[in-house]
file entry-v7.csv (CSV, C-alpha atoms)
chain,number,residue,atom,x,y,z
A,985,LEU,CA,-34.2,5.4,15.3
A,986,LEU,CA,-37.1,7.2,13.6
A,987,LEU,CA,-36.0,10.5,14.9
A,988,TRP,CA,-32.4,9.9,13.7
A,989,MET,CA,-33.7,8.9,10.3
A,990,HIS,CA,-35.8,12.0,10.1
A,991,GLN,CA,-32.8,14.2,11.2
A,992,GLU,CA,-30.7,12.5,8.5
A,993,GLY,CA,-33.4,13.1,5.8
A,994,LEU,CA,-34.0,9.4,5.5
A,995,SER,CA,-37.4,7.7,5.3
A,996,ARG,CA,-38.6,4.2,4.5
A,997,PRO,CA,-39.6,4.0,0.9
A,998,LYS,CA,-43.0,2.4,0.1
A,999,ALA,CA,-42.2,0.4,-3.1
A,1000,PHE,CA,-40.6,-3.1,-2.6
A,1001,ASP,CA,-37.6,-2.6,-4.9
A,1002,ASP,CA,-36.9,0.8,-3.4
A,1003,ARG,CA,-36.9,-0.6,0.1
A,1004,LEU,CA,-34.4,-3.3,-0.9
A,1005,ALA,CA,-32.2,-0.7,-2.5
A,1006,HIS,CA,-32.5,1.7,0.5
A,1007,ALA,CA,-31.6,-1.1,3.0
A,1008,GLU,CA,-28.5,-2.0,0.9
A,1009,SER,CA,-27.5,1.7,0.8
A,1010,LEU,CA,-27.8,2.0,4.6
A,1011,ARG,CA,-25.8,-1.2,5.0
A,1012,HIS,CA,-23.0,0.3,2.9
A,1013,LYS,CA,-23.1,3.5,4.9
A,1014,SER,CA,-22.9,1.4,8.1
A,1015,ASN,CA,-19.8,-0.4,6.7
A,1016,GLU,CA,-18.2,3.0,6.0
A,1017,TRP,CA,-18.8,4.2,9.6
A,1018,TYR,CA,-17.6,0.8,10.9
A,1019,LYS,CA,-14.3,1.1,9.1
A,1020,LYS,CA,-13.9,4.5,10.8
A,1021,ASP,CA,-14.5,2.9,14.2
A,1022,ASP,CA,-17.6,5.0,14.6
A,1023,PHE,CA,-19.8,2.1,15.9
A,1024,ARG,CA,-22.6,4.4,17.1
A,1025,ARG,CA,-23.2,5.7,13.6
A,1026,ALA,CA,-22.7,2.3,12.1
A,1027,LEU,CA,-25.3,1.0,14.5
A,1028,HIS,CA,-27.8,3.7,13.5
A,1029,CYS,CA,-27.3,2.9,9.8
A,1030,ILE,CA,-27.6,-0.8,10.2
A,1031,MET,CA,-30.8,-0.5,12.4
A,1032,GLY,CA,-32.1,1.8,9.7
A,1033,ALA,CA,-31.6,-1.0,7.2
A,1034,VAL,CA,-33.5,-3.4,9.5
A,1035,HIS,CA,-36.3,-0.9,9.8
A,1036,THR,CA,-36.4,-0.5,6.0
A,1037,LEU,CA,-37.0,-4.2,5.5
A,1038,ASP,CA,-39.4,-4.6,8.5
A,1039,TYR,CA,-42.8,-5.3,7.0
A,1040,CYS,CA,-45.9,-5.4,9.1
A,1041,PRO,CA,-47.8,-8.7,8.9
A,1042,ALA,CA,-50.4,-7.3,6.5
A,1043,GLU,CA,-47.6,-6.3,4.1
A,1044,GLN,CA,-45.9,-9.7,4.4
A,1045,MET,CA,-49.2,-11.4,3.5
A,1046,GLY,CA,-49.3,-9.3,0.3
A,1047,GLN,CA,-45.8,-10.3,-0.7
A,1048,SER,CA,-45.1,-13.1,-3.2
A,1049,GLU,CA,-42.8,-16.0,-2.2
A,1050,PRO,CA,-40.0,-14.6,-4.4
A,1051,GLU,CA,-40.3,-11.2,-2.6
A,1052,ARG,CA,-40.2,-12.9,0.8
A,1053,GLN,CA,-37.1,-14.8,-0.3
A,1054,GLN,CA,-35.5,-11.5,-1.4
A,1055,VAL,CA,-36.2,-9.9,2.0
A,1056,ALA,CA,-34.8,-12.9,3.9
A,1057,LYS,CA,-31.7,-13.0,1.8
A,1058,ALA,CA,-31.2,-9.2,2.1
A,1059,MET,CA,-31.5,-9.4,5.9
A,1060,LEU,CA,-28.6,-11.9,6.2
A,1061,PRO,CA,-25.7,-9.5,5.8
A,1062,ILE,CA,-27.6,-6.8,7.6
A,1063,MET,CA,-28.0,-9.0,10.7
A,1064,SER,CA,-24.5,-10.3,10.5
A,1065,ASN,CA,-23.2,-6.7,10.4
A,1066,ALA,CA,-25.5,-5.8,13.3
A,1067,ALA,CA,-24.1,-8.7,15.4
A,1068,MET,CA,-20.5,-7.5,14.7
A,1069,ILE,CA,-21.3,-3.9,15.5
A,1070,PHE,CA,-22.9,-5.0,18.8
A,1071,LEU,CA,-19.8,-7.0,19.6
A,1072,LYS,CA,-17.6,-4.0,18.9
A,1073,ARG,CA,-19.8,-1.9,21.2
A,1074,GLY,CA,-19.4,-4.5,24.0
A,1075,ASP,CA,-23.0,-5.5,23.8
A,1076,ALA,CA,-22.8,-9.3,23.6
A,1077,ALA,CA,-26.5,-9.8,24.5
A,1078,ASN,CA,-27.7,-7.9,21.5
A,1079,ALA,CA,-25.1,-9.5,19.3
A,1080,VAL,CA,-26.7,-12.8,20.2
A,1081,VAL,CA,-30.1,-11.5,19.4
A,1082,ALA,CA,-29.0,-10.1,16.0
A,1083,ALA,CA,-27.1,-13.3,15.0
A,1084,THR,CA,-30.1,-15.4,16.0
A,1085,ALA,CA,-32.4,-13.2,14.0
A,1086,GLY,CA,-30.1,-13.6,11.0
A,1087,LEU,CA,-30.1,-17.3,11.4
A,1088,LYS,CA,-33.9,-17.3,11.4
A,1089,CYS,CA,-33.7,-15.4,8.1
A,1090,ALA,CA,-31.3,-18.0,6.8
A,1091,ASP,CA,-33.8,-20.7,7.7
A,1092,LYS,CA,-36.4,-18.9,5.5
A,1093,VAL,CA,-34.3,-19.0,2.4
A,1094,LEU,CA,-35.1,-21.9,0.1
A,1095,GLY,CA,-32.3,-23.9,-1.4
A,1096,GLU,CA,-29.2,-22.9,0.5
A,1097,ASP,CA,-26.5,-21.7,-1.9
A,1098,ALA,CA,-22.8,-20.9,-1.1
A,1099,GLU,CA,-23.7,-17.3,-0.2
A,1100,VAL,CA,-26.3,-18.4,2.4
A,1101,ARG,CA,-24.0,-21.0,3.7
A,1102,GLN,CA,-21.2,-18.4,4.2
A,1103,MET,CA,-23.6,-16.0,5.9
A,1104,ARG,CA,-24.9,-18.8,8.2
A,1105,SER,CA,-21.3,-19.6,9.1
A,1106,LYS,CA,-20.6,-15.9,9.9
A,1107,LEU,CA,-23.7,-15.6,12.0
A,1108,ARG,CA,-22.9,-18.8,14.0
A,1109,TRP,CA,-19.3,-17.5,14.5
A,1110,ARG,CA,-20.4,-14.1,15.7
A,1111,ARG,CA,-23.1,-15.6,18.0
A,1112,GLY,CA,-20.5,-18.0,19.3
A,1113,VAL,CA,-18.1,-15.2,20.1
A,1114,ALA,CA,-20.9,-13.2,21.8
A,1115,ARG,CA,-22.0,-16.2,23.8
A,1116,GLY,CA,-18.4,-16.6,25.0
A,1117,GLU,CA,-18.2,-13.0,26.3
A,1118,ALA,CA,-18.6,-12.3,30.0
A,1119,GLY,CA,-22.1,-11.1,30.9
A,1120,PRO,CA,-25.7,-12.2,30.9
A,1121,ALA,CA,-25.5,-13.8,27.4
A,1122,ARG,CA,-22.5,-16.0,28.4
A,1123,ASP,CA,-23.1,-19.7,27.6
A,1124,LEU,CA,-19.9,-21.5,26.9
A,1125,ASP,CA,-21.6,-24.7,25.8
A,1126,ALA,CA,-23.7,-22.9,23.3
A,1127,ALA,CA,-20.7,-20.9,22.2
A,1128,ARG,CA,-18.8,-24.0,21.4
A,1129,ALA,CA,-21.8,-25.5,19.6
A,1130,ASP,CA,-22.1,-22.4,17.4
A,1131,LEU,CA,-18.3,-22.3,16.7
A,1132,THR,CA,-18.3,-26.0,15.8
A,1133,GLU,CA,-21.2,-25.5,13.4
A,1134,ALA,CA,-19.5,-22.4,11.9
A,1135,ALA,CA,-16.3,-24.4,11.4
A,1136,ARG,CA,-18.3,-27.2,9.7
A,1137,LEU,CA,-20.0,-24.7,7.4
A,1138,ASP,CA,-16.7,-22.9,6.6
A,1139,PRO,CA,-13.8,-25.4,7.2
A,1140,GLY,CA,-11.3,-23.1,5.6
A,1141,SER,CA,-11.8,-20.2,8.0
A,1142,ARG,CA,-8.7,-19.7,10.1
A,1143,ASP,CA,-10.5,-17.2,12.4
A,1144,ILE,CA,-13.2,-19.6,13.2
A,1145,ARG,CA,-10.7,-22.4,13.9
A,1146,GLU,CA,-8.6,-20.2,16.2
A,1147,CYS,CA,-11.7,-19.1,18.1
A,1148,LEU,CA,-12.9,-22.7,18.5
A,1149,GLU,CA,-9.4,-23.8,19.7
A,1150,ASN,CA,-9.5,-21.0,22.4
A,1151,CYS,CA,-13.1,-21.8,23.4
call {"tool": "encode", "arguments": {"input": "entry-v7.csv", "output": "structure tokens"}}
result
Amino acid sequence: LLLWMHQEGLSRPKAFDDRLAHAESLRHKSNEWYKKDDFRRALHCIMGAVHTLDYCPAEQMGQSEPERQQVAKAMLPIMSNAAMIFLKRGDAANAVVAATAGLKCADKVLGEDAEVRQMRSKLRWRRGVARGEAGPARDLDAARADLTEAARLDPGSRDIRECLENC
């Protein structure tokens, strides 16, 4: 990842606000590649976004609570997108890891608002789909539990309901 970032002329900024902006920019680039069905480049960009917001423990200790909240909230769409990219690449195990990491970020956000609730639903849905795929991550009971929770969080989602009915 670091070699790719260097080859692309990308580096992790030092300033907090610059890192948030850079991660958002990489997430948007990832979305562009995703729409073109180039999941390899989409994965590179989204992992670059994760790297950008990855603070070492000493840096985390120096952050204020509002900064930690901003990072946790910024990670939600990044990890949700990572889970979907892994699914598109046929990597259900890493889709589960990405969705679970996103849900841990959601747990860190204080005062869940509609946006966080929506992201939590997407992450549960994507993890449920990944857990239903054949392979080492397959766990149909856990898949159903994730899909049930996703449907509870977003009862209007037709995609989630259809997936749950087929589970």
call {"tool": "residues_around", "arguments": {"input": "entry-v7.csv", "residues": "segment 1017-1030 of chain A", "least_positions_apart": "4", "cutoff": "9 Å", "atoms": "only C-alpha atoms", "output": "list of chain:residue names"}}
result
A:Leu985, A:Trp988, A:Met989, A:Ala1007, A:Leu1010, A:Arg1011, A:His1012, A:Lys1013, A:Val1034, A:His1035, A:Ile1062, A:Met1063, A:Asn1065, A:Ala1066, A:Ile1069, A:Phe1070, A:Lys1072, A:Arg1073
call {"tool": "atom_distance", "arguments": {"input": "entry-v7.csv", "atom1": "atom CA of Gly993 of chain A", "atom2": "atom CA of Glu1008 of chain A"}}
result
16.6 Å
call {"tool": "closest_atom_pairs", "arguments": {"input": "entry-v7.csv", "of": "segment 1029-1098 of chain A", "to": "segment 1103-1118 of chain A", "cutoff": "10 Å", "atoms": "all atoms listed in the file", "output": "JSON lines"}}
result
{"residue": "A:Lys1057", "atom": "CA", "partner": "A:Met1103", "partner_atom": "CA", "distance": 9.6}
{"residue": "A:Leu1060", "atom": "CA", "partner": "A:Met1103", "partner_atom": "CA", "distance": 6.5}
{"residue": "A:Pro1061", "atom": "CA", "partner": "A:Met1103", "partner_atom": "CA", "distance": 6.8}
{"residue": "A:Met1063", "atom": "CA", "partner": "A:Leu1107", "partner_atom": "CA", "distance": 8.0}
{"residue": "A:Ser1064", "atom": "CA", "partner": "A:Leu1107", "partner_atom": "CA", "distance": 5.6}
{"residue": "A:Asn1065", "atom": "CA", "partner": "A:Leu1107", "partner_atom": "CA", "distance": 9.1}
{"residue": "A:Ala1067", "atom": "CA", "partner": "A:Arg1110", "partner_atom": "CA", "distance": 6.6}
{"residue": "A:Met1068", "atom": "CA", "partner": "A:Arg1110", "partner_atom": "CA", "distance": 6.7}
{"residue": "A:Phe1070", "atom": "CA", "partner": "A:Ala1114", "partner_atom": "CA", "distance": 9.0}
{"residue": "A:Leu1071", "atom": "CA", "partner": "A:Ala1114", "partner_atom": "CA", "distance": 6.7}
{"residue": "A:Gly1074", "atom": "CA", "partner": "A:Glu1117", "partner_atom": "CA", "distance": 8.9}
{"residue": "A:Asp1075", "atom": "CA", "partner": "A:Ala1114", "partner_atom": "CA", "distance": 8.2}
{"residue": "A:Ala1076", "atom": "CA", "partner": "A:Ala1114", "partner_atom": "CA", "distance": 4.7}
{"residue": "A:Ala1077", "atom": "CA", "partner": "A:Ala1114", "partner_atom": "CA", "distance": 7.1}
{"residue": "A:Asn1078", "atom": "CA", "partner": "A:Ala1114", "partner_atom": "CA", "distance": 8.6}
{"residue": "A:Ala1079", "atom": "CA", "partner": "A:Ala1114", "partner_atom": "CA", "distance": 6.1}
{"residue": "A:Val1080", "atom": "CA", "partner": "A:Arg1111", "partner_atom": "CA", "distance": 5.1}
{"residue": "A:Val1081", "atom": "CA", "partner": "A:Arg1111", "partner_atom": "CA", "distance": 8.2}
{"residue": "A:Ala1082", "atom": "CA", "partner": "A:Arg1111", "partner_atom": "CA", "distance": 8.3}
{"residue": "A:Ala1083", "atom": "CA", "partner": "A:Leu1107", "partner_atom": "CA", "distance": 5.1}
{"residue": "A:Thr1084", "atom": "CA", "partner": "A:Arg1111", "partner_atom": "CA", "distance": 7.3}
{"residue": "A:Ala1085", "atom": "CA", "partner": "A:Leu1107", "partner_atom": "CA", "distance": 9.2}
{"residue": "A:Gly1086", "atom": "CA", "partner": "A:Leu1107", "partner_atom": "CA", "distance": 6.8}
{"residue": "A:Leu1087", "atom": "CA", "partner": "A:Arg1104", "partner_atom": "CA", "distance": 6.3}
{"residue": "A:Lys1088", "atom": "CA", "partner": "A:Arg1104", "partner_atom": "CA", "distance": 9.7}
{"residue": "A:Cys1089", "atom": "CA", "partner": "A:Arg1104", "partner_atom": "CA", "distance": 9.4}
{"residue": "A:Ala1090", "atom": "CA", "partner": "A:Arg1104", "partner_atom": "CA", "distance": 6.6}
{"residue": "A:Asp1091", "atom": "CA", "partner": "A:Arg1104", "partner_atom": "CA", "distance": 9.1}
{"residue": "A:Glu1096", "atom": "CA", "partner": "A:Arg1104", "partner_atom": "CA", "distance": 9.7}
{"residue": "A:Ala1098", "atom": "CA", "partner": "A:Met1103", "partner_atom": "CA", "distance": 8.6}
call {"tool": "atom_distance", "arguments": {"input": "entry-v7.csv", "atom1": "atom CA of Lys998 of chain A", "atom2": "atom CA of Glu1099 of chain A"}}
result
27.6 Å
call {"tool": "atom_distance", "arguments": {"input": "entry-v7.csv", "atom1": "atom CA of Ala1121 of chain A", "atom2": "atom CA of Ile1144 of chain A"}}
result
19.7 Å
call {"tool": "residues_near_point", "arguments": {"input": "entry-v7.csv", "point": "(-38.6, -5.2, 5.9)", "cutoff": "10 Å", "atoms": "only C-alpha atoms", "output": "MDAnalysis selection string"}}
result
chainID A and resid 996 1000 1003:1004 1007 1033:1040 1043:1044 1052 1055:1056 1058:1059
call {"tool": "build_atoms", "arguments": {"input": "entry-v7.csv", "residues": "segment 991-1014 of chain A", "atoms": "N, CA, C and O atoms", "output": "compact mmCIF listing (two decimals), in the frame of the given file"}}
result
# COMPACT_ATOMS: atom_id res chain seq x y z
N GLN A 991 -33.88 13.17 11.09
CA GLN A 991 -32.80 14.20 11.20
C GLN A 991 -31.82 14.02 10.00
O GLN A 991 -31.25 15.00 9.53
N GLU A 992 -31.63 12.81 9.55
CA GLU A 992 -30.70 12.50 8.50
C GLU A 992 -31.37 12.67 7.08
O GLU A 992 -30.73 12.45 6.06
N GLY A 993 -32.66 13.01 7.09
CA GLY A 993 -33.40 13.10 5.80
C GLY A 993 -33.69 11.80 5.18
O GLY A 993 -33.89 11.70 3.97
N LEU A 994 -33.77 10.76 6.01
CA LEU A 994 -34.00 9.40 5.50
C LEU A 994 -35.47 9.02 5.84
O LEU A 994 -36.01 9.40 6.88
N SER A 995 -36.06 8.26 4.98
CA SER A 995 -37.40 7.70 5.30
C SER A 995 -37.47 6.34 4.60
O SER A 995 -36.69 6.02 3.70
N ARG A 996 -38.42 5.56 5.07
CA ARG A 996 -38.60 4.20 4.50
C ARG A 996 -39.44 4.32 3.27
O ARG A 996 -40.59 4.75 3.32
N PRO A 997 -38.86 3.91 2.13
CA PRO A 997 -39.60 4.00 0.90
C PRO A 997 -40.84 3.03 0.95
O PRO A 997 -40.89 2.10 1.75
N LYS A 998 -41.78 3.25 0.09
CA LYS A 998 -43.00 2.40 0.10
C LYS A 998 -42.86 1.24 -0.91
O LYS A 998 -43.29 0.14 -0.60
N ALA A 999 -42.25 1.46 -2.07
CA ALA A 999 -42.20 0.40 -3.10
C ALA A 999 -41.14 -0.66 -2.67
O ALA A 999 -40.10 -0.37 -2.10
N PHE A 1000 -41.47 -1.91 -2.98
CA PHE A 1000 -40.60 -3.10 -2.60
C PHE A 1000 -39.19 -2.92 -3.04
O PHE A 1000 -38.26 -3.03 -2.23
N ASP A 1001 -38.98 -2.71 -4.33
CA ASP A 1001 -37.60 -2.60 -4.90
C ASP A 1001 -36.85 -1.44 -4.27
O ASP A 1001 -35.64 -1.53 -4.02
N ASP A 1002 -37.56 -0.34 -4.02
CA ASP A 1002 -36.90 0.80 -3.40
C ASP A 1002 -36.49 0.54 -1.99
O ASP A 1002 -35.44 1.00 -1.54
N ARG A 1003 -37.30 -0.26 -1.27
CA ARG A 1003 -36.90 -0.60 0.10
C ARG A 1003 -35.69 -1.50 0.12
O ARG A 1003 -34.80 -1.32 0.95
N LEU A 1004 -35.62 -2.46 -0.81
CA LEU A 1004 -34.40 -3.30 -0.90
C LEU A 1004 -33.18 -2.45 -1.17
O LEU A 1004 -32.14 -2.63 -0.53
N ALA A 1005 -33.29 -1.54 -2.13
CA ALA A 1005 -32.20 -0.70 -2.50
C ALA A 1005 -31.76 0.23 -1.35
O ALA A 1005 -30.57 0.44 -1.09
N HIS A 1006 -32.76 0.78 -0.65
CA HIS A 1006 -32.50 1.70 0.50
C HIS A 1006 -31.79 0.93 1.62
O HIS A 1006 -30.84 1.45 2.22
N ALA A 1007 -32.25 -0.27 1.90
CA ALA A 1007 -31.60 -1.10 3.00
C ALA A 1007 -30.16 -1.37 2.59
O ALA A 1007 -29.27 -1.30 3.45
N GLU A 1008 -29.91 -1.70 1.33
CA GLU A 1008 -28.50 -2.00 0.90
C GLU A 1008 -27.67 -0.73 1.01
O GLU A 1008 -26.52 -0.79 1.43
N SER A 1009 -28.23 0.42 0.66
CA SER A 1009 -27.50 1.70 0.80
C SER A 1009 -27.14 1.97 2.24
O SER A 1009 -26.01 2.37 2.55
N LEU A 1010 -28.10 1.76 3.14
CA LEU A 1010 -27.80 2.00 4.60
C LEU A 1010 -26.80 0.97 5.09
O LEU A 1010 -25.97 1.33 5.93
N ARG A 1011 -26.82 -0.24 4.59
CA ARG A 1011 -25.80 -1.20 5.00
C ARG A 1011 -24.43 -0.77 4.58
O ARG A 1011 -23.47 -0.87 5.35
N HIS A 1012 -24.32 -0.24 3.36
CA HIS A 1012 -23.00 0.30 2.90
C HIS A 1012 -22.56 1.47 3.73
O HIS A 1012 -21.37 1.58 4.05
N LYS A 1013 -23.48 2.36 4.09
CA LYS A 1013 -23.10 3.50 4.90
C LYS A 1013 -22.66 3.00 6.31
O LYS A 1013 -21.70 3.52 6.89
N SER A 1014 -23.32 1.97 6.81
CA SER A 1014 -22.90 1.40 8.10
C SER A 1014 -21.50 0.84 7.99
O SER A 1014 -20.69 1.04 8.90
